[in-house]
file work13.cif (mmCIF, C-alpha atoms)
data_structure
loop_
_atom_site.group_PDB
_atom_site.id
_atom_site.type_symbol
_atom_site.label_atom_id
_atom_site.label_comp_id
_atom_site.auth_asym_id
_atom_site.auth_seq_id
_atom_site.Cartn_x
_atom_site.Cartn_y
_atom_site.Cartn_z
ATOM 1 C CA MET A 1 93.270 88.501 66.048
ATOM 2 C CA SER A 2 95.091 86.128 68.443
ATOM 3 C CA GLU A 3 93.991 85.451 71.998
ATOM 4 C CA LEU A 4 96.078 87.077 74.745
ATOM 5 C CA LYS A 5 98.402 84.805 76.744
ATOM 6 C CA VAL A 6 98.019 86.202 80.244
ATOM 7 C CA SER A 7 99.421 85.088 83.595
ATOM 8 C CA ASP A 8 98.806 85.994 87.232
ATOM 9 C CA SER A 9 101.328 87.209 89.828
ATOM 10 C CA ALA A 10 102.725 83.681 90.220
ATOM 11 C CA GLY A 11 103.032 83.060 86.479
ATOM 12 C CA ASN A 12 99.969 80.782 86.304
ATOM 13 C CA PRO A 13 97.730 81.055 83.234
ATOM 14 C CA LEU A 14 94.875 83.518 83.655
ATOM 15 C CA ASN A 15 91.767 83.188 81.467
ATOM 16 C CA VAL A 16 88.178 84.372 81.345
ATOM 17 C CA GLY A 17 86.446 82.207 83.941
ATOM 18 C CA SER A 18 89.477 81.932 86.227
ATOM 19 C CA PHE A 19 88.731 82.369 89.937
ATOM 20 C CA VAL A 20 91.147 84.944 91.316
ATOM 21 C CA LEU A 21 92.191 86.678 94.527
ATOM 22 C CA TYR A 22 93.270 90.302 94.833
ATOM 23 C CA VAL A 23 95.586 89.865 97.835
ATOM 24 C CA PRO A 24 95.685 93.445 99.232
ATOM 25 C CA THR A 25 91.938 93.447 99.989
ATOM 26 C CA GLY A 26 91.087 89.735 99.919
ATOM 27 C CA THR A 27 88.609 90.289 97.092
ATOM 28 C CA LYS A 28 87.753 87.066 95.256
ATOM 29 C CA GLY A 29 85.847 86.677 92.021
ATOM 30 C CA ASN A 30 85.700 85.323 88.506
ATOM 31 C CA VAL A 31 87.455 86.969 85.588
ATOM 32 C CA THR A 32 84.804 87.982 83.065
ATOM 33 C CA GLU A 33 86.951 89.903 80.577
ATOM 34 C CA ILE A 34 90.626 90.435 79.764
ATOM 35 C CA VAL A 35 91.809 93.523 77.897
ATOM 36 C CA SER A 36 95.151 95.024 77.041
ATOM 37 C CA ASP A 37 96.153 98.638 76.463
ATOM 38 C CA GLU A 38 99.295 100.773 76.507
ATOM 39 C CA GLU A 39 99.420 100.557 80.341
ATOM 40 C CA GLY A 40 99.238 96.766 80.589
ATOM 41 C CA THR A 41 96.849 93.852 80.709
ATOM 42 C CA TRP A 42 93.705 94.078 82.810
ATOM 43 C CA ALA A 43 91.166 91.547 84.080
ATOM 44 C CA LEU A 44 87.577 92.443 84.954
ATOM 45 C CA VAL A 45 86.491 90.741 88.202
ATOM 46 C CA ASP A 46 82.759 90.089 88.565
ATOM 47 C CA LYS A 47 82.585 90.583 92.351
ATOM 48 C CA THR A 48 83.628 94.260 92.212
ATOM 49 C CA ASN A 49 83.055 95.002 88.526
ATOM 50 C CA LEU A 50 86.537 96.564 88.521
ATOM 51 C CA TYR A 51 89.553 96.001 86.293
ATOM 52 C CA TYR A 52 92.745 94.795 87.987
ATOM 53 C CA LYS A 53 96.198 94.544 86.461
ATOM 54 C CA THR A 54 96.757 90.851 85.895
ATOM 55 C CA GLU A 55 100.107 90.893 87.683
ATOM 56 C CA VAL A 56 98.393 91.763 91.001
ATOM 57 C CA LEU A 57 95.878 88.904 90.806
ATOM 58 C CA LYS A 58 96.439 85.348 92.001
ATOM 59 C CA THR A 59 94.584 82.380 90.523
ATOM 60 C CA ILE A 60 93.024 80.270 93.298
ATOM 61 C CA LYS A 61 90.736 77.279 93.692
ATOM 62 C CA GLN A 62 87.145 78.397 94.064
ATOM 63 C CA VAL A 63 85.698 77.767 97.516
ATOM 64 C CA GLU A 64 82.056 76.823 97.622
ATOM 65 C CA GLU A 65 79.848 78.915 99.906
ATOM 66 C CA LYS A 66 78.740 75.781 101.770
ATOM 67 C CA GLU A 67 82.375 75.088 102.729
ATOM 68 C CA LEU A 68 82.387 78.422 104.560
ATOM 69 C CA GLY A 69 79.238 77.582 106.530
ATOM 70 C CA GLU A 70 78.638 78.086 110.210
ATOM 71 C CA LYS A 71 80.240 75.866 112.803
ATOM 72 C CA LEU A 72 78.075 74.804 115.692
ATOM 73 C CA PHE A 73 79.572 74.800 119.184
ATOM 74 C CA THR A 74 78.220 73.091 122.268
ATOM 75 C CA ARG A 75 77.458 75.123 125.371
ATOM 76 C CA GLU A 76 80.409 73.421 127.078
ATOM 77 C CA GLU A 77 82.816 74.479 124.314
ATOM 78 C CA VAL A 78 81.655 78.095 124.528
ATOM 79 C CA ASN A 79 81.891 78.120 128.336
ATOM 80 C CA GLU A 80 85.406 76.655 128.186
ATOM 81 C CA VAL A 81 86.591 79.401 125.828
ATOM 82 C CA LEU A 82 84.954 82.097 127.949
ATOM 83 C CA GLU A 83 86.587 80.741 131.122
ATOM 84 C CA LYS A 84 90.021 80.745 129.453
ATOM 85 C CA GLN A 85 89.517 84.341 128.339
ATOM 86 C CA LYS A 86 88.330 85.344 131.806
ATOM 87 C CA ASP A 87 91.380 83.730 133.450
ATOM 88 C CA ALA A 88 93.735 85.339 130.927
ATOM 89 C CA GLY A 89 92.200 88.757 131.629
ATOM 90 C CA LYS A 90 92.929 88.626 135.355
ATOM 91 C CA ALA A 91 96.054 90.725 135.673
ATOM 92 C CA GLU A 92 97.200 92.426 138.823
ATOM 93 C CA MET A 93 98.069 96.063 138.415
ATOM 94 C CA SER A 94 100.967 97.282 140.474
ATOM 95 C CA ASP A 95 102.803 100.560 140.873
ATOM 96 C CA VAL A 96 106.062 98.947 142.002
ATOM 97 C CA SER A 97 107.987 99.919 138.884
ATOM 98 C CA VAL A 98 106.396 103.308 138.349
ATOM 99 C CA GLU A 99 108.860 106.191 138.461
ATOM 100 C CA SER A 100 108.031 109.838 138.428
ATOM 101 C CA GLY A 101 110.063 112.493 136.757
ATOM 102 C CA GLY A 102 111.554 115.463 138.326
#
call {"tool": "encode", "arguments": {"input": "work13.cif", "output": "structure tokens"}}
result
Amino acid sequence: MSELKVSDSAGNPLNVGSFVLYVPTGTKGNVTEIVSDEEGTWALVDKTNLYYKTEVLKTIKQVEEKELGEKLFTREEVNEVLEKQKDAGKAEMSDVSVESGG
């Protein structure tokens, strides 16, 4: 039995162990199994434990959890952002252009 030659939505090789992205939901995970049937080729993604058609998956570089860590802000940075939001929220309401029907 020969091994399946499978590719992702961009035509990149897709194998067991590939880190993939399901674009519609942003789900990321590792391919743990690849199967084929009369409806197409499917890849099992460990994060959801669901099978996805290989043509809807995109192979991506795995991002380490530590790269997604928290960013620390100083009190001054937070106050600056809050002041900008407060200034942007100050809008005068006027009825100058309001027309009534009838």
call {"tool": "resolve_selection", "arguments": {"input": "work13.cif", "expression": "the PyMOL selection byres ((chain A and resi 27-41) around 9)", "output": "ChimeraX atom specification"}}
result
/A:4,6,14-26,42-48,51-55,60,62
call {"tool": "write_last_selection", "arguments": {"input": "work13.cif", "atoms": "C-alpha atoms", "output": "short mmCIF file (atom, residue, chain, number, x, y, z; two decimals), keeping the file's coordinate frame"}}
result
data_model
loop_
_atom_site.label_atom_id
_atom_site.label_comp_id
_atom_site.auth_asym_id
_atom_site.auth_seq_id
_atom_site.Cartn_x
_atom_site.Cartn_y
_atom_site.Cartn_z
CA LEU A 4 96.08 87.08 74.74
CA VAL A 6 98.02 86.20 80.24
CA LEU A 14 94.88 83.52 83.66
CA ASN A 15 91.77 83.19 81.47
CA VAL A 16 88.18 84.37 81.34
CA GLY A 17 86.45 82.21 83.94
CA SER A 18 89.48 81.93 86.23
CA PHE A 19 88.73 82.37 89.94
CA VAL A 20 91.15 84.94 91.32
CA LEU A 21 92.19 86.68 94.53
CA TYR A 22 93.27 90.30 94.83
CA VAL A 23 95.59 89.86 97.84
CA PRO A 24 95.68 93.44 99.23
CA THR A 25 91.94 93.45 99.99
CA GLY A 26 91.09 89.74 99.92
CA TRP A 42 93.70 94.08 82.81
CA ALA A 43 91.17 91.55 84.08
CA LEU A 44 87.58 92.44 84.95
CA VAL A 45 86.49 90.74 88.20
CA ASP A 46 82.76 90.09 88.56
CA LYS A 47 82.58 90.58 92.35
CA THR A 48 83.63 94.26 92.21
CA TYR A 51 89.55 96.00 86.29
CA TYR A 52 92.74 94.80 87.99
CA LYS A 53 96.20 94.54 86.46
CA THR A 54 96.76 90.85 85.90
CA GLU A 55 100.11 90.89 87.68
CA ILE A 60 93.02 80.27 93.30
CA GLN A 62 87.14 78.40 94.06
#
call {"tool": "axis_aligned_box", "arguments": {"input": "work13.cif", "around": "stretch 50-64 of chain A", "padding_each_side": "6 Å", "output": "AutoDock Vina command-line options"}}
result
--center_x 91.1 --center_y 86.7 --center_z 91.8 --size_x 30.1 --size_y 31.7 --size_z 23.7
call {"tool": "atom_distance", "arguments": {"input": "work13.cif", "atom1": "atom CA of A:Leu57", "atom2": "atom CA of A:Lys5"}}
result
14.9 Å
call {"tool": "atom_distance", "arguments": {"input": "work13.cif", "atom1": "atom CA of A:Lys71", "atom2": "atom CA of A:Glu83"}}
result
20.0 Å
call {"tool": "closest_residue", "arguments": {"input": "work13.cif", "among": "A:Asp87, A:Leu82, A:Glu77, A:Lys58", "to": "A:Ala10", "atoms": "all atoms listed in the file"}}
result
A:Lys58
